[in-house]
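Colleague: This is the structure I have questions about; it appears just below.
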Amino acid sequence: MKSTPSLLSTISLALSLSGCGTVGETGRSQLLLFNDPQMTQMGVQAYEEASKEYPVVKGTPEAQMVERIGQKIAKASGRDFAWEFRLLNAPEVVNAFCLPGGKVAVYTGILKVTQNEDGLAAVMGHEVAHATSNHGNERMSQGSAANFGLQAADQVAGLAGLSETAQTVVM
């Protein structure tokens, strides 16, 4: 199949031009295909959606604790994100998250598990580390690369049945 090297060259070039990064805390390499403004915008959108699904708790001692701990972790992270910390009223949800760009939400259901400020700080620190290590970008990039690979394999498989002339036209 004469055109396959051309397709493989294109795939190699695309992968070599793609963004690679290193997780600062661990030195681990990662594939990063999206830029920070794209990721931040997606984070803001997802944060607003989550805040519509569950009411934001404001002014309570628990909400103040989330904000206080969050600000300390944000400062320690050394990242210049537009940090926001929200407590969402969801007693049945035992979880928390941090989205790209520093949007952090803690569901009230996790407070009974964390029990105190130290426990909550451990959970929030863990979530913030996902954002500071670009895990969202990495996961999306891996998915995009896998999708690209499947499309390329599908194209190669489709070309296998074509004549040499038809392959040249397609490529």
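Residue names in the structure tokens use chain letters A, B, ... in the order shown, residue numbers from 1 in each chain, and ligand numbers from 1 in the order shown.
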What lies within 6 Å of Met39 in chain A using only C-alpha atoms, ignoring chain neighbours under 3 positions off, as a list in words?
Modeller: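 Surrounding residues, per the criterion: Asp36, Met42 and Pro100 of chain A.
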Colleague: Near Ala121 in chain A, within 9 Å and counting only C-alpha atoms, which residues show up once chain neighbours fewer than 4 positions away are dropped, as an MDAnalysis selection string?
Modeller: chainID A and resid 66 69:70 73 114 116:117 125:126
Colleague: Out of A:Lys112, A:Lys103, A:His130, A:Arg86, which residue has the shortest atom-to-atom distance to Ala63 in chain A when counting only C-alpha atoms?
Modeller: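 Nearest to Ala63 in chain A: A:Arg86.
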Colleague: Write out as a PyMOL selection string all residues of range 58-147 of chain A that DSSP puts in helix (DSSP H, G or I) for this structure's backbone.
Modeller: chain A and resi 61-77+108-114+117-132+135-147
Colleague: A:Arg68, A:Gln151, A:Glu84, A:Val94: which is nearest Val128 in chain A, counting only C-alpha atoms?
Modeller: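 Closest candidate: A:Glu84.
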Colleague: Can you pull out the residues contacting Lys52 in chain A? Cut-off 12 Å, using only C-alpha atoms, and skip same-chain residues under 3 positions away; I want them as number ranges by chain.
Modeller: A: 45-49, 55-57, 86, 88-90
Colleague: Create the file for the chosen residues now, containing all heavy atoms and written as an mmCIF file, in the first residue's frame.
Modeller:
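File produced: part21.cif:
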```
data_model
loop_
_atom_site.group_PDB
_atom_site.id
_atom_site.type_symbol
_atom_site.label_atom_id
_atom_site.label_comp_id
_atom_site.auth_asym_id
_atom_site.auth_seq_id
_atom_site.Cartn_x
_atom_site.Cartn_y
_atom_site.Cartn_z
ATOM 1 N N GLN A 45 -17.383 26.739 32.849
ATOM 2 C CA GLN A 45 -18.699 26.253 32.419
ATOM 3 C C GLN A 45 -19.170 25.085 33.285
ATOM 4 O O GLN A 45 -20.320 25.059 33.737
ATOM 5 C CB GLN A 45 -18.661 25.843 30.947
ATOM 6 C CG GLN A 45 -18.528 27.021 30.006
ATOM 7 C CD GLN A 45 -18.279 26.599 28.564
ATOM 8 O OE1 GLN A 45 -17.906 25.464 28.277
ATOM 9 N NE2 GLN A 45 -18.466 27.534 27.648
ATOM 10 N N ALA A 46 -18.292 24.136 33.530
ATOM 11 C CA ALA A 46 -18.655 22.975 34.345
ATOM 12 C C ALA A 46 -18.963 23.384 35.785
ATOM 13 O O ALA A 46 -19.865 22.834 36.421
ATOM 14 C CB ALA A 46 -17.532 21.938 34.314
ATOM 15 N N TYR A 47 -18.233 24.366 36.290
ATOM 16 C CA TYR A 47 -18.436 24.860 37.659
ATOM 17 C C TYR A 47 -19.815 25.490 37.802
ATOM 18 O O TYR A 47 -20.519 25.244 38.778
ATOM 19 C CB TYR A 47 -17.337 25.878 37.965
ATOM 20 C CG TYR A 47 -17.115 26.209 39.420
ATOM 21 C CD1 TYR A 47 -16.844 25.227 40.350
ATOM 22 C CD2 TYR A 47 -17.128 27.537 39.848
ATOM 23 C CE1 TYR A 47 -16.594 25.543 41.674
ATOM 24 C CE2 TYR A 47 -16.880 27.857 41.166
ATOM 25 C CZ TYR A 47 -16.613 26.856 42.079
ATOM 26 O OH TYR A 47 -16.354 27.175 43.393
ATOM 27 N N GLU A 48 -20.187 26.282 36.815
ATOM 28 C CA GLU A 48 -21.504 26.922 36.851
ATOM 29 C C GLU A 48 -22.619 25.891 36.752
ATOM 30 O O GLU A 48 -23.641 26.004 37.431
ATOM 31 C CB GLU A 48 -21.623 27.984 35.751
ATOM 32 C CG GLU A 48 -20.710 29.180 35.968
ATOM 33 C CD GLU A 48 -20.840 29.817 37.351
ATOM 34 O OE1 GLU A 48 -21.978 29.973 37.862
ATOM 35 O OE2 GLU A 48 -19.792 30.155 37.944
ATOM 36 N N GLU A 49 -22.419 24.869 35.931
ATOM 37 C CA GLU A 49 -23.421 23.809 35.812
ATOM 38 C C GLU A 49 -23.599 23.076 37.136
ATOM 39 O O GLU A 49 -24.717 22.803 37.561
ATOM 40 C CB GLU A 49 -23.039 22.834 34.705
ATOM 41 C CG GLU A 49 -23.194 23.402 33.315
ATOM 42 C CD GLU A 49 -22.651 22.483 32.231
ATOM 43 O OE1 GLU A 49 -22.528 21.256 32.466
ATOM 44 O OE2 GLU A 49 -22.352 22.997 31.144
ATOM 45 N N PRO A 55 -27.639 23.800 45.290
ATOM 46 C CA PRO A 55 -27.540 25.171 45.816
ATOM 47 C C PRO A 55 -26.194 25.431 46.487
ATOM 48 O O PRO A 55 -25.648 24.567 47.164
ATOM 49 C CB PRO A 55 -28.665 25.252 46.849
ATOM 50 C CG PRO A 55 -29.533 24.059 46.616
ATOM 51 C CD PRO A 55 -28.699 23.029 45.909
ATOM 52 N N VAL A 56 -25.678 26.638 46.288
ATOM 53 C CA VAL A 56 -24.436 27.056 46.933
ATOM 54 C C VAL A 56 -24.767 27.469 48.361
ATOM 55 O O VAL A 56 -25.688 28.244 48.605
ATOM 56 C CB VAL A 56 -23.784 28.233 46.171
ATOM 57 C CG1 VAL A 56 -22.519 28.697 46.880
ATOM 58 C CG2 VAL A 56 -23.473 27.833 44.737
ATOM 59 N N VAL A 57 -24.015 26.938 49.326
ATOM 60 C CA VAL A 57 -24.183 27.283 50.736
ATOM 61 C C VAL A 57 -23.286 28.482 51.021
ATOM 62 O O VAL A 57 -22.084 28.445 50.734
ATOM 63 C CB VAL A 57 -23.797 26.092 51.649
ATOM 64 C CG1 VAL A 57 -23.934 26.470 53.112
ATOM 65 C CG2 VAL A 57 -24.625 24.862 51.302
ATOM 66 N N ARG A 86 -16.521 26.777 46.685
ATOM 67 C CA ARG A 86 -17.951 26.732 46.994
ATOM 68 C C ARG A 86 -18.284 25.462 47.749
ATOM 69 O O ARG A 86 -17.755 24.384 47.467
ATOM 70 C CB ARG A 86 -18.777 26.757 45.704
ATOM 71 C CG ARG A 86 -18.698 28.059 44.962
ATOM 72 C CD ARG A 86 -19.567 28.054 43.726
ATOM 73 N NE ARG A 86 -19.420 29.324 43.022
ATOM 74 C CZ ARG A 86 -19.833 29.545 41.797
ATOM 75 N NH1 ARG A 86 -20.437 28.578 41.121
ATOM 76 N NH2 ARG A 86 -19.658 30.722 41.237
ATOM 77 N N LEU A 88 -21.420 23.113 48.177
ATOM 78 C CA LEU A 88 -22.692 22.824 47.514
ATOM 79 C C LEU A 88 -23.543 21.934 48.408
ATOM 80 O O LEU A 88 -23.069 20.941 48.956
ATOM 81 C CB LEU A 88 -22.441 22.133 46.169
ATOM 82 C CG LEU A 88 -21.590 22.911 45.165
ATOM 83 C CD1 LEU A 88 -21.406 22.113 43.883
ATOM 84 C CD2 LEU A 88 -22.206 24.281 44.874
ATOM 85 N N ASN A 89 -24.806 22.313 48.561
ATOM 86 C CA ASN A 89 -25.725 21.588 49.436
ATOM 87 C C ASN A 89 -26.185 20.298 48.760
ATOM 88 O O ASN A 89 -27.111 20.289 47.967
ATOM 89 C CB ASN A 89 -26.927 22.467 49.786
ATOM 90 C CG ASN A 89 -27.799 21.819 50.838
ATOM 91 O OD1 ASN A 89 -27.385 20.870 51.496
ATOM 92 N ND2 ASN A 89 -29.003 22.333 51.003
ATOM 93 N N ALA A 90 -25.485 19.231 49.090
ATOM 94 C CA ALA A 90 -25.795 17.908 48.549
ATOM 95 C C ALA A 90 -25.395 16.880 49.598
ATOM 96 O O ALA A 90 -24.340 16.262 49.509
ATOM 97 C CB ALA A 90 -25.054 17.684 47.239
#
```
Colleague: For a test of reading the model, state the distance in Å between CA of Arg79 in chain A and CA of Thr132 in chain A, rounded to one decimal.
Modeller: 7.1 Å
Colleague: Once DSSP has gone over the backbone, tell me which residues of range 28-153 of chain A are in strand (DSSP E), as a list of chain:residue names.
Modeller: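 The residues of range 28-153 of chain A classed as strand (DSSP E) are A:Ser29, A:Gln30, A:Leu31, A:Val56, A:Val57, A:Glu84, A:Phe85, A:Arg86, A:Leu87, A:Leu88, A:Ala96, A:Phe97, A:Cys98, A:Leu99, A:Lys103, A:Val104, A:Ala105, A:Val106, A:Tyr107.
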Colleague: With N, CA and C atoms retained, write the just-selected residues as a PDB file, in the first residue's frame.
Modeller:
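again.pdb, written as the output of this step:
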```pdb
ATOM      1  N   SER A  29       5.962  12.889  32.527  1.00  0.00           N
ATOM      2  CA  SER A  29       5.570  13.488  31.251  1.00  0.00           C
ATOM      3  C   SER A  29       4.080  13.272  31.022  1.00  0.00           C
ATOM      4  N   GLN A  30       3.479  14.230  30.299  1.00  0.00           N
ATOM      5  CA  GLN A  30       2.066  14.107  29.989  1.00  0.00           C
ATOM      6  C   GLN A  30       1.779  14.753  28.636  1.00  0.00           C
ATOM      7  N   LEU A  31       0.749  14.240  27.978  1.00  0.00           N
ATOM      8  CA  LEU A  31       0.294  14.782  26.708  1.00  0.00           C
ATOM      9  C   LEU A  31      -0.726  15.874  27.000  1.00  0.00           C
ATOM     10  N   VAL A  56     -25.678  26.638  46.288  1.00  0.00           N
ATOM     11  CA  VAL A  56     -24.436  27.056  46.933  1.00  0.00           C
ATOM     12  C   VAL A  56     -24.767  27.469  48.361  1.00  0.00           C
ATOM     13  N   VAL A  57     -24.015  26.938  49.326  1.00  0.00           N
ATOM     14  CA  VAL A  57     -24.183  27.283  50.736  1.00  0.00           C
ATOM     15  C   VAL A  57     -23.286  28.482  51.021  1.00  0.00           C
ATOM     16  N   GLU A  84     -11.761  29.879  43.192  1.00  0.00           N
ATOM     17  CA  GLU A  84     -13.087  30.015  43.805  1.00  0.00           C
ATOM     18  C   GLU A  84     -13.363  28.743  44.580  1.00  0.00           C
ATOM     19  N   PHE A  85     -14.015  28.907  45.713  1.00  0.00           N
ATOM     20  CA  PHE A  85     -14.323  27.770  46.579  1.00  0.00           C
ATOM     21  C   PHE A  85     -15.792  27.843  46.964  1.00  0.00           C
ATOM     22  N   ARG A  86     -16.521  26.777  46.685  1.00  0.00           N
ATOM     23  CA  ARG A  86     -17.951  26.732  46.994  1.00  0.00           C
ATOM     24  C   ARG A  86     -18.284  25.462  47.749  1.00  0.00           C
ATOM     25  N   LEU A  87     -19.206  25.631  48.677  1.00  0.00           N
ATOM     26  CA  LEU A  87     -19.813  24.494  49.353  1.00  0.00           C
ATOM     27  C   LEU A  87     -21.174  24.307  48.713  1.00  0.00           C
ATOM     28  N   LEU A  88     -21.420  23.113  48.177  1.00  0.00           N
ATOM     29  CA  LEU A  88     -22.692  22.824  47.514  1.00  0.00           C
ATOM     30  C   LEU A  88     -23.543  21.934  48.408  1.00  0.00           C
ATOM     31  N   ALA A  96     -15.840  15.944  46.267  1.00  0.00           N
ATOM     32  CA  ALA A  96     -15.366  17.309  46.047  1.00  0.00           C
ATOM     33  C   ALA A  96     -14.645  17.289  44.708  1.00  0.00           C
ATOM     34  N   PHE A  97     -14.439  18.453  44.108  1.00  0.00           N
ATOM     35  CA  PHE A  97     -13.696  18.497  42.855  1.00  0.00           C
ATOM     36  C   PHE A  97     -13.017  19.843  42.691  1.00  0.00           C
ATOM     37  N   CYS A  98     -11.986  19.856  41.858  1.00  0.00           N
ATOM     38  CA  CYS A  98     -11.325  21.082  41.438  1.00  0.00           C
ATOM     39  C   CYS A  98     -11.165  21.017  39.932  1.00  0.00           C
ATOM     40  N   LEU A  99     -11.682  22.009  39.249  1.00  0.00           N
ATOM     41  CA  LEU A  99     -11.637  22.055  37.795  1.00  0.00           C
ATOM     42  C   LEU A  99     -10.466  22.899  37.320  1.00  0.00           C
ATOM     43  N   LYS A 103     -11.389  26.220  40.049  1.00  0.00           N
ATOM     44  CA  LYS A 103     -12.765  26.247  40.550  1.00  0.00           C
ATOM     45  C   LYS A 103     -12.988  24.995  41.397  1.00  0.00           C
ATOM     46  N   VAL A 104     -13.173  25.215  42.715  1.00  0.00           N
ATOM     47  CA  VAL A 104     -13.262  24.112  43.669  1.00  0.00           C
ATOM     48  C   VAL A 104     -14.661  24.054  44.269  1.00  0.00           C
ATOM     49  N   ALA A 105     -15.229  22.856  44.314  1.00  0.00           N
ATOM     50  CA  ALA A 105     -16.516  22.654  44.966  1.00  0.00           C
ATOM     51  C   ALA A 105     -16.403  21.484  45.937  1.00  0.00           C
ATOM     52  N   VAL A 106     -17.030  21.677  47.078  1.00  0.00           N
ATOM     53  CA  VAL A 106     -17.096  20.638  48.104  1.00  0.00           C
ATOM     54  C   VAL A 106     -18.576  20.378  48.344  1.00  0.00           C
ATOM     55  N   TYR A 107     -18.982  19.133  48.265  1.00  0.00           N
ATOM     56  CA  TYR A 107     -20.371  18.780  48.553  1.00  0.00           C
ATOM     57  C   TYR A 107     -20.523  18.563  50.051  1.00  0.00           C
TER      58      TYR A 107
END
```
